[in-house]
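Reading through the structure tokens given below for one structure.
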Amino acid sequence: MSKSGLTRQQLSITESPSHFEDLDKMTVNELLTNINQEDAKVHLAVREAIPQIETLINQIYGRMQKGGRLFYLGAGTSGRLGVLDASEVPPSFGVPDTVVIGLIAGGETALRKAVESAEDDPAKAWSELEIFNINTKDSVIGIAASGTTPYVLGGVQRARENGILTGCITCNPDSPIVKVAEHPVVVVVGPEFVTGSTRLKAGTAQKMVLNMITTTLMIKLGRVKGNKMVNMQLTNKKLIERGTRMIVEELDIQREAARILLMEQGSVKKALEFYREHYK
């Protein structure tokens with residue numbers, strides 16, 4: 001029995017007691033070693049979920065080919081991870097910030113600090129989605145480690161009722177979100193090192209799945225050539241240098257000529273297309 005009086009079976013996995021006792025008595029090395037030991041389980045759990053992730057991506061891909069958008073809904077750590085993933089898509093792949101959109105309970109304030117009771121309103125997420133004129137070409141993924149967050153549950157439920165493709169990323173196989181979402185992705189990572197702290201293994205698993213979803217979608221949508229981000233935004237010196245190097249490798253021209261071409265055309269892809277059209 002847990003200290004709450006519930007058995008491990010009655011508790012959700014993400015709220016189950018840690019397998020480790022007396023964390024406060026461990027040495028720094030013991031803490032690091034044990035956290036690392038737990039983290040090693042995450043990629044294996046994600047691998048088990050690949051068939052579910054594949055099904056969800058295939059469904060989203062067809063809609064995005066027709067101009068559909070991808071929305072993430074989350075609260076707390078899950079919401080922050082969704083917003084993070086969505087915010088990294090435009091600079092990496094050169095798409096507008098309206099293609100993948102992350103919504104977090106409590107809005108932008110919640111990105112930096114907890115907003116009291118923000119996740120407890122089951123109607124809020126749908127009202128926020130309506131601001132974007134969400135439609136049946138779009139897709140909604142609810143991110144909830146526990147699978148019980150009202151903000152996420154309510155948004156996914158209303159989206160599905162309105163004919164919108166729905167998925168979820170959760171770490172509890174029997175949670176409400178699994179029953180509500182059309183295409184659930186369940187990554188069972190087990191109890192957290194610190195009991196209930198889903199910013200640990202659950203958060204890592206969610207980040208891995210989000211990486212897989214958007215990276216795969218952007219590749220299939222033609223935003224990558226070979227293994228290179230040829231559509232990345234040139235927002236700093238490092239990215240300009242990377243883009244210049246890509247052009248030099250692809251066209252076998254002088255570095256300065258490649259850099260001028262890149263800056264004139266605005267992306268590696270456009271630079272390559274322009275050069276091949278005018279000089280080949």
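Every chain in the structure tokens takes a letter, A first, then B, and so on in the order presented; its residues are numbered from 1, and the ligands are numbered from 1 following the presented order.
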
field: Secondary structure check, alpha helix (DSSP H) residues of region 19-211 of chain A, as an MDAnalysis selection string
entry: chainID A and resid 28:39 42:48 50:64 76:93 124:131 150:161 176:180 201:211

Selected residues written out with C-alpha atoms, as a PDB file, in the first residue's frame:
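Full text of again_17.pdb as output:
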ATOM      1  CA  VAL A  28      25.199  13.326  -5.544  1.00  0.00           C
ATOM      2  CA  ASN A  29      26.702  10.436  -7.509  1.00  0.00           C
ATOM      3  CA  GLU A  30      23.948   8.071  -6.367  1.00  0.00           C
ATOM      4  CA  LEU A  31      21.277  10.577  -7.367  1.00  0.00           C
ATOM      5  CA  LEU A  32      22.788  11.123 -10.804  1.00  0.00           C
ATOM      6  CA  THR A  33      23.336   7.420 -11.413  1.00  0.00           C
ATOM      7  CA  ASN A  34      19.809   6.502 -10.424  1.00  0.00           C
ATOM      8  CA  ILE A  35      18.199   9.301 -12.444  1.00  0.00           C
ATOM      9  CA  ASN A  36      20.245   8.197 -15.448  1.00  0.00           C
ATOM     10  CA  GLN A  37      19.183   4.595 -14.844  1.00  0.00           C
ATOM     11  CA  GLU A  38      15.543   5.646 -14.965  1.00  0.00           C
ATOM     12  CA  ASP A  39      16.071   7.857 -18.030  1.00  0.00           C
ATOM     13  CA  VAL A  42      12.491   6.204 -21.823  1.00  0.00           C
ATOM     14  CA  HIS A  43      13.775   5.479 -25.326  1.00  0.00           C
ATOM     15  CA  LEU A  44      12.694   1.838 -24.985  1.00  0.00           C
ATOM     16  CA  ALA A  45       9.180   2.930 -24.028  1.00  0.00           C
ATOM     17  CA  VAL A  46       9.059   5.363 -26.960  1.00  0.00           C
ATOM     18  CA  ARG A  47      10.185   2.595 -29.315  1.00  0.00           C
ATOM     19  CA  GLU A  48       7.216   0.490 -28.178  1.00  0.00           C
ATOM     20  CA  ILE A  50       6.255   3.796 -32.716  1.00  0.00           C
ATOM     21  CA  PRO A  51       3.276   2.018 -34.371  1.00  0.00           C
ATOM     22  CA  GLN A  52       0.900   4.446 -32.619  1.00  0.00           C
ATOM     23  CA  ILE A  53       3.072   7.439 -33.545  1.00  0.00           C
ATOM     24  CA  GLU A  54       3.225   6.271 -37.166  1.00  0.00           C
ATOM     25  CA  THR A  55      -0.548   5.977 -37.419  1.00  0.00           C
ATOM     26  CA  LEU A  56      -1.033   9.455 -35.965  1.00  0.00           C
ATOM     27  CA  ILE A  57       1.564  11.029 -38.271  1.00  0.00           C
ATOM     28  CA  ASN A  58       0.053   9.431 -41.377  1.00  0.00           C
ATOM     29  CA  GLN A  59      -3.339  10.877 -40.489  1.00  0.00           C
ATOM     30  CA  ILE A  60      -1.929  14.350 -39.800  1.00  0.00           C
ATOM     31  CA  TYR A  61       0.255  14.317 -42.932  1.00  0.00           C
ATOM     32  CA  GLY A  62      -2.688  13.878 -45.272  1.00  0.00           C
ATOM     33  CA  ARG A  63      -4.402  16.874 -43.727  1.00  0.00           C
ATOM     34  CA  MET A  64      -1.312  19.073 -43.734  1.00  0.00           C
ATOM     35  CA  GLY A  76       2.251  22.713 -17.046  1.00  0.00           C
ATOM     36  CA  THR A  77       5.295  20.798 -18.288  1.00  0.00           C
ATOM     37  CA  SER A  78       3.273  19.156 -21.071  1.00  0.00           C
ATOM     38  CA  GLY A  79       2.036  22.504 -22.309  1.00  0.00           C
ATOM     39  CA  ARG A  80       5.503  24.036 -22.224  1.00  0.00           C
ATOM     40  CA  LEU A  81       6.896  21.141 -24.247  1.00  0.00           C
ATOM     41  CA  GLY A  82       4.169  21.604 -26.864  1.00  0.00           C
ATOM     42  CA  VAL A  83       4.842  25.321 -27.166  1.00  0.00           C
ATOM     43  CA  LEU A  84       8.588  24.644 -27.348  1.00  0.00           C
ATOM     44  CA  ASP A  85       8.201  22.134 -30.171  1.00  0.00           C
ATOM     45  CA  ALA A  86       5.837  24.399 -32.105  1.00  0.00           C
ATOM     46  CA  SER A  87       8.164  27.401 -31.707  1.00  0.00           C
ATOM     47  CA  GLU A  88      11.156  25.467 -33.060  1.00  0.00           C
ATOM     48  CA  VAL A  89       9.449  24.396 -36.297  1.00  0.00           C
ATOM     49  CA  PRO A  90       9.544  27.776 -38.154  1.00  0.00           C
ATOM     50  CA  PRO A  91      13.281  28.490 -37.735  1.00  0.00           C
ATOM     51  CA  SER A  92      14.255  24.884 -38.415  1.00  0.00           C
ATOM     52  CA  PHE A  93      12.086  24.265 -41.453  1.00  0.00           C
ATOM     53  CA  LYS A 124     -11.117  26.888 -22.154  1.00  0.00           C
ATOM     54  CA  ALA A 125      -9.044  25.029 -24.747  1.00  0.00           C
ATOM     55  CA  TRP A 126     -11.883  24.785 -27.262  1.00  0.00           C
ATOM     56  CA  SER A 127     -12.664  28.484 -26.917  1.00  0.00           C
ATOM     57  CA  GLU A 128      -8.987  29.200 -27.660  1.00  0.00           C
ATOM     58  CA  LEU A 129      -8.996  26.861 -30.660  1.00  0.00           C
ATOM     59  CA  GLU A 130     -12.052  28.647 -32.047  1.00  0.00           C
ATOM     60  CA  ILE A 131     -10.052  31.894 -32.148  1.00  0.00           C
ATOM     61  CA  PRO A 150      -9.447  18.926 -17.803  1.00  0.00           C
ATOM     62  CA  TYR A 151      -8.098  21.671 -20.106  1.00  0.00           C
ATOM     63  CA  VAL A 152      -6.654  19.049 -22.450  1.00  0.00           C
ATOM     64  CA  LEU A 153      -9.496  16.544 -22.144  1.00  0.00           C
ATOM     65  CA  GLY A 154     -12.149  19.157 -22.869  1.00  0.00           C
ATOM     66  CA  GLY A 155     -10.306  20.537 -25.881  1.00  0.00           C
ATOM     67  CA  VAL A 156      -9.682  17.134 -27.432  1.00  0.00           C
ATOM     68  CA  GLN A 157     -13.265  16.020 -26.795  1.00  0.00           C
ATOM     69  CA  ARG A 158     -14.778  19.101 -28.445  1.00  0.00           C
ATOM     70  CA  ALA A 159     -12.370  18.891 -31.369  1.00  0.00           C
ATOM     71  CA  ARG A 160     -13.355  15.283 -32.032  1.00  0.00           C
ATOM     72  CA  GLU A 161     -17.056  16.137 -31.732  1.00  0.00           C
ATOM     73  CA  PRO A 176      -9.402   9.312 -19.813  1.00  0.00           C
ATOM     74  CA  ILE A 177      -7.452  11.000 -22.641  1.00  0.00           C
ATOM     75  CA  VAL A 178      -6.809   7.578 -24.248  1.00  0.00           C
ATOM     76  CA  LYS A 179     -10.544   7.042 -24.498  1.00  0.00           C
ATOM     77  CA  VAL A 180     -11.245  10.557 -25.777  1.00  0.00           C
ATOM     78  CA  LYS A 201      10.762  10.614 -17.516  1.00  0.00           C
ATOM     79  CA  ALA A 202       7.279  11.527 -18.715  1.00  0.00           C
ATOM     80  CA  GLY A 203       8.464  14.933 -19.913  1.00  0.00           C
ATOM     81  CA  THR A 204      11.453  13.413 -21.682  1.00  0.00           C
ATOM     82  CA  ALA A 205       9.215  10.880 -23.401  1.00  0.00           C
ATOM     83  CA  GLN A 206       6.794  13.578 -24.526  1.00  0.00           C
ATOM     84  CA  LYS A 207       9.641  15.682 -25.923  1.00  0.00           C
ATOM     85  CA  MET A 208      10.970  12.691 -27.853  1.00  0.00           C
ATOM     86  CA  VAL A 209       7.562  11.941 -29.378  1.00  0.00           C
ATOM     87  CA  LEU A 210       7.003  15.592 -30.298  1.00  0.00           C
ATOM     88  CA  ASN A 211      10.420  15.672 -31.987  1.00  0.00           C
TER      89      ASN A 211
END

field: Which of A:Ile143, A:Leu221, A:Val115, A:Val268 sits closest to Arg242 (chain A) [using only C-alpha atoms]
entry: A:Val268

task: Could you give me, as a list in words, each residue of region 25-111 of chain A that DSSP assigns to strand (DSSP E) when run on this structure's backbone?
output: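 Answer for region 25-111 of chain A restricted to strand (DSSP E) is Leu70, Phe71, Tyr72, Leu73, Gly74, Val100, Ile101, Gly102, Leu103 and Ile104 of chain A.
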
query: Which neighbours of Val99 (chain A) fall inside 7 Å, counting only C-alpha atoms, when residues of the same chain fewer than 3 positions from it are skipped, and could you give them as a PyMOL selection string?
result: chain A and resi 69-70+95-96

Written selection (C-alpha atoms) as a short mmCIF file (atom, residue, chain, number, x, y, z; two decimals), in the first residue's frame:
data_model
loop_
_atom_site.label_atom_id
_atom_site.label_comp_id
_atom_site.auth_asym_id
_atom_site.auth_seq_id
_atom_site.Cartn_x
_atom_site.Cartn_y
_atom_site.Cartn_z
CA ARG A 69 -2.51 22.91 -39.23
CA LEU A 70 -1.35 21.02 -36.15
CA VAL A 95 7.40 27.41 -42.36
CA PRO A 96 5.10 30.10 -40.93
#

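For Leu251 (chain A), the non-local neighbours within 9 Å, defined as residues at least 3 positions apart in the same chain or in other chains and counting only C-alpha atoms, are A:Met246, A:Ile247, A:Val248, A:Ala258, A:Leu272, A:Tyr275, A:Arg276.
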
Those residues you just picked out, can you put them in a file as a compact mmCIF listing (two decimals), in the first residue's frame with N, CA and C atoms?
# COMPACT_ATOMS: atom_id res chain seq x y z
N MET A 246 26.38 24.31 -46.70
CA MET A 246 25.52 23.42 -47.47
C MET A 246 25.62 23.70 -48.97
N ILE A 247 25.60 24.98 -49.32
CA ILE A 247 25.65 25.36 -50.74
C ILE A 247 27.00 25.01 -51.35
N VAL A 248 28.07 25.26 -50.60
CA VAL A 248 29.41 24.90 -51.09
C VAL A 248 29.48 23.40 -51.36
N ALA A 258 28.96 31.39 -52.45
CA ALA A 258 27.84 30.67 -51.83
C ALA A 258 27.13 31.54 -50.81
N LEU A 272 19.88 27.12 -54.15
CA LEU A 272 20.20 25.99 -55.03
C LEU A 272 19.35 26.02 -56.29
N TYR A 275 20.56 28.92 -58.61
CA TYR A 275 21.84 28.62 -59.25
C TYR A 275 21.65 27.61 -60.38
N ARG A 276 20.88 26.57 -60.12
CA ARG A 276 20.70 25.53 -61.12
C ARG A 276 19.89 26.02 -62.32

message: Between A:Phe132, A:Thr149, A:Val224, A:Ile260, which residue has the minimum interatomic distance to Ala118 (chain A), considering only C-alpha atoms?
response: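 Ranked by minimum distance to Ala118 (chain A), first place goes to A:Thr149.
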
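Near Gly190 (chain A), within a cut-off of 9 Å and counting only C-alpha atoms, sit the residues Ile13, Thr14, Ser16, Ser18, Glu38, Lys41, Cys171, Asn172, Lys201 and Ala202 of chain A, with same-chain residues fewer than 5 positions away left out.
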